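Written below as structure tokens is the structure these notes are about.
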Amino acid sequence: MSIEQISKNKELLAQQEKRESNARSYPRRIPIAIDRAEGIYVYDVDGKRYYDCLAGAGTLALGHNHPVVIEAMEQVIKDKRPLHTLDLTTPVKEEFVSEVFSSLPEEFAKRAKIQFCGPTGGDAIEAAVKLVKTATGRRSILSFHGGYHGATHGTMSLSGMLGPKERVQGLVPDVHFLPYPYMYRCPFGIGGEEGHRISSRYIEHLLDDPESGVLPPAGMIFEAVQGEGGSIPAPVEWVREMRRITKERGIPLIIDEVQTGIGRTGKLFAFEHAGIIPDVIVLSKAIGGSLPLSVVIYDRELDRWSPGAHIGTFRGNQMAMAAGTATLRFIKANDLVSHVGQVGDTLIRSLRHLQEDTPEIGDVRGRGLMVGVEIVQPHQQQARNGSYPANPELASRIQRECFERGLILEVGGRHGSVVRFLPPLIITEEQMNEVIALFTEAVRAAVQKR
């Protein structure tokens with residue numbers, strides 16, 4: 001590799017730093033200028049290959065440039081289809097809606113309506129909140145500790161992350177945060193099965209207490225597996241209890257499937273693990289087949305808003321709809337959800353094996369191919385439930401060691417101490433074993449350097 005080639009990567013990164021906003025995030029931890037990509041691999045401008053286990057934060061369900069996605073995009077252009085139609089319908093759009101509805105549980109699909117939103121998941125969350133407020137005439141929203149629903153002014157108000165809120169005044173009022181069942185760091189200091197049962201009982205008591213201070217809510221929103229919160233799966237029993245509690249009290253239940261949807265957790269939708277039917281689901285990321293798209297799907301009983309109640313210029317992205325249709329069909333035709341469950345089990349088993357002789361790994365958790373490894377300080381004092389203090393410095397060091405070995409992973413969770421795996425759903429067993437080997441080597445190297 002020549003000096004010229006090496007300097008090209010650095011040159012592009014330096015140029016990005018000079019010209020892009022201080023709000024940029026990923027390049028600070030993943031210093032790469034990507035030249036090309038295919039499947040699970042990306043290549044930087046120096047020609048170095050990386051395993052991409054970030055996959056556009058879960059957007060690239062079929063990896064980079066999958067043939068069925070490329071073919072669908074090319075067909076739109078070849079047929080001279082419109083690329084942009086606002087919310088006017090087209091054959092491409094109707095085909096997409098039919099494919100999405102056929103992917104839903106039948107009980108949900110037969111009562112479903114769909115709203116196309118702006119191209120980001122955050123805009124669809126905004127729409128979902130407006131929907132339930134309009135339908136119920138109420139204003140309070142119940143959200144959860146550790147939840148992440150976007151970076152707009154409204155969705156930031158619904159999210160648990162404090163950092164982005166510190167300098168932003170006048171956030172949306174009447175958002176009430178509730179305890180999410182985080183077993184390793186139980187909000188009640190108990191953990192295990194009893195921890196999530198206490199959470200359910202507390203929430204039910206709060207809603208029935210005439211002096212709780214919380215007005216009857218317009219809706220409840222949560223992720224069945226928290227993403228940015230640290231890859232934390234909610235116990236299926238707790239999810240069922242949330243559905244019971246909200247249904248009995250006439251509170252619309254919104255499930256944020258922006259990151260979990262379209263096969264990521266080993267089901268097409270994460271709420272299916274609990275066997276429930278929500279009132280509203282929000283989809284983005286993978287639903288567009290790697291292109292920008294977001295939708296809200298909801299029970300027709302809630303369809304009480306007026307024409308133009310939620311609009312957006314780029315809600316008619318025809319190429320994204322074609323790519324999304326192709327992605328859904330491929331996932332179902334090839335039973336990728338079963339594959340995700342199997343490969344995800346391989347990953348979790350291997351990480352737990354690594355945990356046995358690595359005390360710095362406090363917890364390994366996840367569902368399907370949405371897995372988190374929580375990095376801790378095992379020589380510090382334990383909390384009552386047995387958890388150790390977070391170790392964000394070591395988590396970052398592990399991420400860097402992975403990157404140097406050609407493995408792209410993200411960190412997140414409380415204190416930035418969770419190393420997260422979000423590989424494409426098409427990752428093979430062989431590729432997963434290679435990823436595990438690189439991660440194991442990186443962890444051991446990072447621990448030795450402390």
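Going through the structure tokens in order, the chains are called A, B, and so on, while each chain numbers its residues from 1 and the ligands are numbered from 1 in the order shown.
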
*Polymer residues at most 7 Å from region 282-294 of chain A, only C-alpha atoms, same-chain spacing of 3 or more positions, as a PyMOL selection string*: chain A and resi 58-61+69+116-121+124-125+255-259+261-262+297+317+320-321+323-324+327

Dump as a short mmCIF file (atom, residue, chain, number, x, y, z; two decimals), in the first residue's frame, selection limited to C-alpha atoms:
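So the final result, stored in again22.cif, reads:
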data_model
loop_
_atom_site.label_atom_id
_atom_site.label_comp_id
_atom_site.auth_asym_id
_atom_site.auth_seq_id
_atom_site.Cartn_x
_atom_site.Cartn_y
_atom_site.Cartn_z
CA GLY A 58 -29.98 -1.81 11.32
CA THR A 59 -31.15 -0.31 8.03
CA LEU A 60 -29.40 -2.79 5.75
CA ALA A 61 -31.40 -5.96 6.43
CA VAL A 69 -32.72 -4.74 -3.98
CA PHE A 116 -46.60 7.36 4.91
CA CYS A 117 -44.32 9.82 6.67
CA GLY A 118 -41.13 11.74 6.00
CA PRO A 119 -38.08 9.58 5.33
CA THR A 120 -36.93 9.12 8.94
CA GLY A 121 -38.18 7.03 11.80
CA ALA A 124 -43.07 8.55 11.90
CA ILE A 125 -42.86 8.59 15.71
CA ILE A 255 -44.61 -0.21 19.52
CA ASP A 256 -41.51 1.44 18.06
CA GLU A 257 -40.26 -1.10 15.50
CA VAL A 258 -37.90 1.32 13.74
CA GLN A 259 -34.82 -0.75 14.57
CA GLY A 261 -38.73 -4.50 12.62
CA ILE A 262 -38.37 -6.57 9.43
CA ILE A 297 -49.51 1.35 10.75
CA ASN A 317 -40.29 7.64 -2.32
CA ALA A 320 -37.69 2.90 -1.51
CA MET A 321 -41.11 1.24 -1.73
CA ALA A 323 -36.76 -1.89 -2.59
CA GLY A 324 -38.82 -2.49 0.56
CA THR A 327 -36.62 -6.99 0.80
#

*Would you give me, as a PyMOL selection string, the residues in region 193-325 of chain A that DSSP reads as alpha helix (DSSP H)?*
chain A and resi 193-208+236-248+318-325

*DSSP on the backbone: what in region 236-278 of chain A comes out strand (DSSP E or B), as a list in words?*
Leu253, Ile254, Ile255 and Asp256 of chain A

*Can you tell me, as a count of residues only, what residues are no more than 12 Å from Arg111 (chain A) when counting only C-alpha atoms, ignoring any on the same chain fewer than 6 positions away?*
14

May I have the residues within 10 Å of Met370 (chain A) as a short mmCIF file (atom, residue, chain, number, x, y, z; two decimals) with C-alpha atoms, in the first residue's frame, using only C-alpha atoms and disregarding those fewer than 6 positions away in the same chain?
data_model
loop_
_atom_site.label_atom_id
_atom_site.label_comp_id
_atom_site.auth_asym_id
_atom_site.auth_seq_id
_atom_site.Cartn_x
_atom_site.Cartn_y
_atom_site.Cartn_z
CA GLY A 58 -29.98 -1.81 11.32
CA VAL A 225 -36.00 -4.51 22.45
CA GLN A 226 -34.37 -1.21 23.36
CA GLY A 227 -31.75 -0.32 20.77
CA GLY A 230 -28.26 -0.95 25.15
CA SER A 231 -29.86 -3.86 23.22
CA ILE A 232 -32.18 -4.67 26.11
CA PRO A 233 -34.99 -7.15 25.34
CA GLN A 259 -34.82 -0.75 14.57
CA THR A 260 -36.40 -4.06 15.59
CA ARG A 264 -34.04 -8.13 13.14
CA THR A 265 -35.07 -10.01 16.32
CA GLY A 266 -35.90 -13.39 14.76
CA VAL A 340 -31.61 -14.86 12.26
CA GLY A 344 -28.18 -14.96 16.78
CA ILE A 348 -25.01 -15.09 22.12
CA ARG A 420 -23.66 -3.58 20.06
CA PHE A 421 -23.99 -6.11 17.23
CA LEU A 422 -26.38 -5.26 14.34
CA PRO A 423 -25.08 -7.28 11.38
#

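Close contacts of Glu441 (chain A), defined as residues with an atom at most 9 Å away when counting only C-alpha atoms, with chain neighbours fewer than 6 positions off set aside, comprise A:Glu401, A:Cys402, A:Arg405.
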
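Between CA of Ser199 (chain A) and CA of Ile251 (chain A) there is a distance of 17.6 Å.
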